[in-house]
file structure_11.cif (mmCIF, C-alpha atoms)
data_run
#
loop_
_atom_site.label_atom_id
_atom_site.label_comp_id
_atom_site.auth_asym_id
_atom_site.auth_seq_id
_atom_site.Cartn_x
_atom_site.Cartn_y
_atom_site.Cartn_z
CA MET K 1 130.95 98.05 38.31
CA ARG K 2 134.03 96.07 39.29
CA LEU K 3 135.56 94.32 36.30
CA ALA K 4 138.37 91.81 36.01
CA ARG K 5 141.62 93.48 34.98
CA ALA K 6 141.56 92.06 31.45
CA GLU K 7 137.94 93.14 30.96
CA ARG K 8 138.63 96.64 32.26
CA GLU K 9 141.67 96.96 30.01
CA GLN K 10 139.72 95.86 26.95
CA SER K 11 136.93 98.26 27.87
CA ILE K 12 139.42 101.15 27.99
CA VAL K 13 140.86 100.13 24.61
CA ALA K 14 137.38 100.09 23.03
CA VAL K 15 136.69 103.58 24.37
CA ALA K 16 140.13 104.77 23.21
CA VAL K 17 139.46 103.57 19.67
CA SER K 18 136.20 105.52 19.54
CA PHE K 19 137.68 108.56 21.33
CA PHE K 20 140.73 108.97 19.09
CA ALA K 21 138.66 108.33 15.96
CA GLN K 22 136.42 111.23 16.94
CA ARG K 23 138.90 113.67 18.49
CA GLY K 24 142.23 112.70 16.96
CA PHE K 25 145.31 111.49 18.80
CA LYS K 26 145.83 114.90 20.39
CA GLY K 27 142.78 114.26 22.56
CA HIS K 28 143.64 114.45 26.26
CA THR K 29 143.91 111.33 28.41
CA ARG K 30 141.91 113.06 31.14
CA GLU K 31 138.88 113.17 28.81
CA LEU K 32 139.59 109.62 27.64
CA ALA K 33 139.61 108.41 31.25
CA ALA K 34 136.32 110.16 31.93
CA ARG K 35 134.72 108.53 28.91
CA ALA K 36 136.03 105.16 30.03
CA GLY K 37 134.60 105.67 33.49
CA VAL K 38 137.95 105.56 35.28
CA THR K 39 140.23 108.09 36.90
CA GLN K 40 143.30 109.29 35.07
CA PRO K 41 145.65 107.65 37.64
CA LEU K 42 143.80 104.36 37.15
CA LEU K 43 144.10 104.73 33.37
CA TYR K 44 147.87 104.96 33.76
CA ARG K 45 147.90 101.83 35.87
CA TYR K 46 146.73 99.94 32.80
CA PHE K 47 148.77 101.93 30.27
CA PRO K 48 151.98 103.65 31.46
CA SER K 49 151.78 106.42 28.86
CA LYS K 50 149.59 107.91 26.18
CA GLU K 51 151.95 106.37 23.61
CA ALA K 52 151.20 102.94 25.09
CA ILE K 53 147.47 103.55 24.63
CA ILE K 54 147.99 104.61 21.02
CA GLU K 55 150.11 101.53 20.37
CA ARG K 56 147.36 99.33 21.74
CA VAL K 57 144.82 101.09 19.52
CA TYR K 58 147.08 100.44 16.51
CA GLN K 59 147.35 96.76 17.38
CA GLU K 60 143.62 96.50 18.00
CA VAL K 61 142.38 98.23 14.84
CA PHE K 62 145.07 97.75 12.22
CA ILE K 63 146.80 94.50 13.12
CA GLY K 64 144.56 92.51 15.44
CA ARG K 65 141.73 92.32 12.93
CA TRP K 66 144.00 91.32 10.04
CA ASP K 67 143.04 88.05 8.33
CA THR K 68 146.20 86.10 7.39
CA GLN K 69 144.13 84.00 4.99
CA TRP K 70 144.11 86.98 2.63
CA GLU K 71 147.79 86.39 1.92
CA ASP K 72 147.10 82.73 1.07
CA LEU K 73 144.11 83.75 -1.07
CA ILE K 74 146.22 86.04 -3.26
CA ALA K 75 148.85 83.32 -3.76
CA ASP K 76 146.37 80.51 -4.56
CA ARG K 77 147.13 79.80 -8.21
CA SER K 78 144.44 77.15 -8.44
CA ARG K 79 142.01 80.05 -9.02
CA PRO K 80 142.05 82.79 -11.68
CA LEU K 81 143.96 85.85 -10.50
CA ARG K 82 141.10 88.25 -11.22
CA ALA K 83 138.75 86.20 -9.04
CA ARG K 84 141.32 86.13 -6.24
CA LEU K 85 141.80 89.87 -6.31
CA VAL K 86 138.08 90.59 -6.46
CA GLN K 87 137.50 88.43 -3.39
CA PHE K 88 140.46 89.92 -1.51
CA TYR K 89 139.50 93.53 -2.20
CA GLN K 90 135.85 92.92 -1.38
CA GLU K 91 136.76 91.40 1.98
CA TYR K 92 139.47 93.97 2.67
CA THR K 93 137.09 96.81 1.85
CA ARG K 94 134.71 95.62 4.55
CA TYR K 95 137.71 95.53 6.93
CA ILE K 96 138.90 99.11 6.37
CA LEU K 97 135.75 101.05 5.53
CA THR K 98 134.68 101.74 9.08
CA TYR K 99 134.42 105.04 10.91
CA GLU K 100 137.25 104.13 13.28
CA TRP K 101 139.68 102.69 10.72
CA VAL K 102 139.41 105.56 8.24
CA ARG K 103 139.58 108.38 10.75
CA LEU K 104 142.36 106.87 12.87
CA PHE K 105 144.46 106.41 9.75
CA LEU K 106 143.87 110.00 8.66
CA PHE K 107 144.50 111.51 12.10
CA SER K 108 147.74 109.55 12.36
CA GLY K 109 149.02 111.13 9.17
CA LEU K 110 147.80 114.62 10.00
CA GLU K 111 149.37 114.51 13.44
CA GLY K 112 152.71 113.06 12.39
CA LEU K 113 152.45 109.67 14.06
CA GLU K 114 154.14 106.55 12.75
CA ILE K 115 150.96 104.47 12.37
CA ASN K 116 150.59 105.26 8.67
CA ARG K 117 154.15 104.35 7.71
CA ARG K 118 154.11 101.20 9.81
CA TYR K 119 150.86 100.04 8.26
CA LEU K 120 151.91 100.91 4.71
CA ARG K 121 155.13 98.94 5.14
CA PHE K 122 153.01 96.09 6.46
CA MET K 123 150.77 96.27 3.40
CA ARG K 124 153.70 96.48 1.00
CA ASP K 125 155.32 93.38 2.45
CA ARG K 126 152.17 91.31 3.02
CA ILE K 127 149.93 92.28 0.09
CA TRP K 128 151.29 94.60 -2.58
CA SER K 129 154.42 92.56 -3.25
CA ARG K 130 152.29 89.41 -3.50
CA ILE K 131 149.92 91.03 -5.98
CA VAL K 132 152.80 92.27 -8.13
CA GLY K 133 154.35 88.81 -8.01
CA GLU K 134 151.11 87.18 -9.10
CA ILE K 135 150.61 89.66 -11.94
CA ARG K 136 154.14 88.96 -13.15
CA HIS K 137 153.43 85.23 -13.03
CA GLU K 138 150.17 85.74 -14.93
CA TYR K 139 151.97 87.57 -17.72
CA ALA K 140 155.14 85.43 -17.72
CA ARG K 141 157.37 88.23 -16.46
CA PRO K 142 160.44 87.93 -14.19
CA THR K 143 159.84 87.10 -10.54
CA LEU K 144 160.50 89.59 -7.78
CA LEU K 145 163.64 87.61 -6.94
CA ASP K 146 164.91 88.19 -10.46
CA GLU K 147 163.80 91.81 -10.76
CA PRO K 148 162.82 94.07 -7.84
CA MET K 149 159.39 95.68 -7.75
CA SER K 150 159.36 98.98 -9.63
CA ILE K 151 157.81 102.24 -8.55
CA THR K 152 155.25 101.90 -11.37
CA GLU K 153 154.15 98.50 -10.09
CA LEU K 154 153.91 99.74 -6.53
CA GLU K 155 151.96 102.87 -7.44
CA LEU K 156 149.46 101.04 -9.64
CA VAL K 157 148.72 98.43 -6.99
CA TRP K 158 148.65 101.09 -4.27
CA GLY K 159 146.22 103.08 -6.42
CA VAL K 160 143.55 100.39 -6.13
CA ILE K 161 143.59 100.56 -2.34
CA SER K 162 143.76 104.36 -2.43
CA SER K 163 140.61 104.65 -4.51
CA ILE K 164 138.79 102.29 -2.15
CA PHE K 165 140.04 104.18 0.91
CA TYR K 166 138.83 107.44 -0.61
CA ILE K 167 135.30 106.08 -0.49
CA GLY K 168 135.78 105.90 3.27
CA ILE K 169 136.97 109.52 3.33
CA ARG K 170 133.92 110.60 1.39
CA ARG K 171 131.63 108.80 3.82
CA PHE K 172 133.28 109.32 7.23
CA VAL K 173 134.95 112.70 6.72
CA PHE K 174 133.04 114.61 4.03
CA GLU K 175 129.74 112.83 4.78
CA LEU K 176 129.01 112.41 1.09
CA ALA K 177 127.11 109.65 -0.68
CA VAL K 178 129.11 106.56 -1.66
CA PRO K 179 128.32 103.52 -3.85
CA GLN K 180 125.72 101.35 -2.16
CA ASN K 181 126.91 98.10 -3.71
CA LEU K 182 130.61 98.06 -2.84
CA ASP K 183 131.09 94.49 -4.08
CA ALA K 184 129.97 95.56 -7.57
CA PHE K 185 132.25 98.61 -7.38
CA ILE K 186 135.20 96.36 -6.52
CA GLU K 187 134.47 94.11 -9.50
CA ASP K 188 134.51 97.16 -11.77
CA LYS K 189 137.68 98.47 -10.14
CA ILE K 190 139.56 95.19 -10.65
CA LYS K 191 138.32 94.97 -14.24
CA ALA K 192 139.67 98.46 -14.93
CA PHE K 193 142.93 97.56 -13.20
CA PHE K 194 143.49 94.44 -15.32
CA ASP K 195 142.56 96.20 -18.53
CA GLY K 196 145.38 98.69 -18.11
CA ALA K 197 147.75 98.14 -15.20
CA PRO K 198 149.66 95.04 -16.42
CA ALA K 199 150.70 96.78 -19.64
CA ALA K 200 151.91 99.82 -17.73
CA MET K 201 153.77 97.59 -15.28
CA ALA K 202 155.59 95.78 -18.07
CA GLN K 203 156.45 98.97 -19.95
CA PRO K 204 156.58 101.96 -17.58
CA SER K 205 156.94 105.42 -19.01
CA PRO K 206 160.52 106.27 -20.03
CA ARG K 207 159.96 109.65 -18.39
CA HIS K 208 160.75 107.99 -15.05
CA GLY K 209 164.41 108.22 -16.03
CA PRO K 210 167.31 106.08 -14.79
CA GLY K 211 166.11 106.09 -11.19
CA GLY K 212 162.53 105.19 -12.08
CA ARG K 213 162.76 101.72 -10.57
CA ALA K 214 163.67 102.95 -7.09
CA LEU K 215 160.83 102.63 -4.60
CA PRO K 216 159.90 105.50 -2.30
CA GLU K 217 160.73 105.03 1.36
CA LEU K 218 157.68 104.22 3.47
#

call {"tool": "encode", "arguments": {"input": "structure_11.cif", "output": "structure tokens"}}
result
Amino acid sequence: MRLARAEREQSIVAVAVSFFAQRGFKGHTRELAARAGVTQPLLYRYFPSKEAIIERVYQEVFIGRWDTQWEDLIADRSRPLRARLVQFYQEYTRYILTYEWVRLFLFSGLEGLEINRRYLRFMRDRIWSRIVGEIRHEYARPTLLDEPMSITELELVWGVISSIFYIGIRRFVFELAVPQNLDAFIEDKIKAFFDGAPAAMAQPSPRHGPGGRALPEL
């Protein structure tokens, strides 16, 4: 079937997302082209290199589906912070807990690509710093302008996402059972976070030592 260029390109991207999620980024472009129903030379007319295809997959899966309203939601102080975080994490969980998202993220790390680091920097700047700032405001602590985010704050906020992401690993990698009601799980997760994390953020363990406030490089 003859398709318009834009339609053909989008069709190749959709196949690439599925292909790399199944085979990893080391999968050969010859097989990708066959799955997409095009020749390898035609594939390279749309994308000049395999790296260009991977970049498009990154933009499609990790950035293109991002909802900028999440950032406004977290910062909306007209609502209780717990309610904001429950809503954000519930919506974000539905965004990341897909076969493609979870496996592409894992394969990127296993194969030494930059996708993981790029996305984690994106999350740190767009979400984690906002959450830390809102928690500080909630507990009348210095702003991030007055006092940089500490490693304890980063790790505790990161830990919430990590535990949610691990549900995806259990489901799409290990093929194990996962909670059926994820919204209820998120409510419990945020409750546990608020019952302990703010205190640890305000008074991190002295065992961190003098350099304990330095953030790891992403």

call {"tool": "resolve_selection", "arguments": {"input": "structure_11.cif", "expression": "the PyMOL selection byres ((chain K and resi 98-102) around 10)", "output": "list of chain:residue names"}}
result
K:Val17, K:Ser18, K:Phe19, K:Phe20, K:Ala21, K:Gln22, K:Tyr58, K:Val61, K:Phe62, K:Thr93, K:Arg94, K:Tyr95, K:Ile96, K:Leu97, K:Arg103, K:Leu104, K:Phe105, K:Leu106, K:Phe107, K:Phe165, K:Tyr166, K:Ile167, K:Gly168, K:Ile169, K:Arg171, K:Phe172, K:Val173

call {"tool": "atom_distance", "arguments": {"input": "structure_11.cif", "atom1": "atom CA of Phe25 of chain K", "atom2": "atom CA of Leu43 of chain K"}}
result
16.1 Å

call {"tool": "atom_distance", "arguments": {"input": "structure_11.cif", "atom1": "atom CA of Leu113 of chain K", "atom2": "atom CA of Arg23 of chain K"}}
result
14.8 Å

call {"tool": "atom_distance", "arguments": {"input": "structure_11.cif", "atom1": "atom CA of Glu175 of chain K", "atom2": "atom CA of Ser108 of chain K"}}
result
19.8 Å

call {"tool": "resolve_selection", "arguments": {"input": "structure_11.cif", "expression": "the PyMOL selection byres ((chain K and resi 67-70) around 10)", "output": "list in words"}}
result
Ile63, Gly64, Arg65, Trp66, Glu71, Asp72, Leu73, Ile74, Ala75, Asp76, Arg84, Leu85, Gln87, Phe88, Tyr89, Glu91, Tyr92, Tyr95, Arg126 and Ile127 of chain K

call {"tool": "residues_around", "arguments": {"input": "structure_11.cif", "residues": "segment 14-16 of chain K", "least_positions_apart": "3", "cutoff": "10 Å", "atoms": "only C-alpha atoms", "output": "VMD selection string"}}
result
chain K and resid 8 to 11 19 to 22 25 27 29 32 to 33 35 to 37 53 to 54 56 to 57 60 to 61

call {"tool": "residues_around", "arguments": {"input": "structure_11.cif", "residues": "segment 157-161 of chain K", "least_positions_apart": "4", "cutoff": "8 Å", "atoms": "all atoms listed in the file", "output": "PDB file with C-alpha atoms, in the coordinates of the input"}}
result
ATOM      1  CA  TRP K 128     151.290  94.600  -2.580  1.00  0.00           C
ATOM      2  CA  ILE K 131     149.920  91.030  -5.980  1.00  0.00           C
ATOM      3  CA  VAL K 132     152.800  92.270  -8.130  1.00  0.00           C
ATOM      4  CA  GLU K 153     154.150  98.500 -10.090  1.00  0.00           C
ATOM      5  CA  PHE K 165     140.040 104.180   0.910  1.00  0.00           C
ATOM      6  CA  LYS K 189     137.680  98.470 -10.140  1.00  0.00           C
ATOM      7  CA  ILE K 190     139.560  95.190 -10.650  1.00  0.00           C
ATOM      8  CA  PHE K 193     142.930  97.560 -13.200  1.00  0.00           C
TER       9      PHE K 193
END
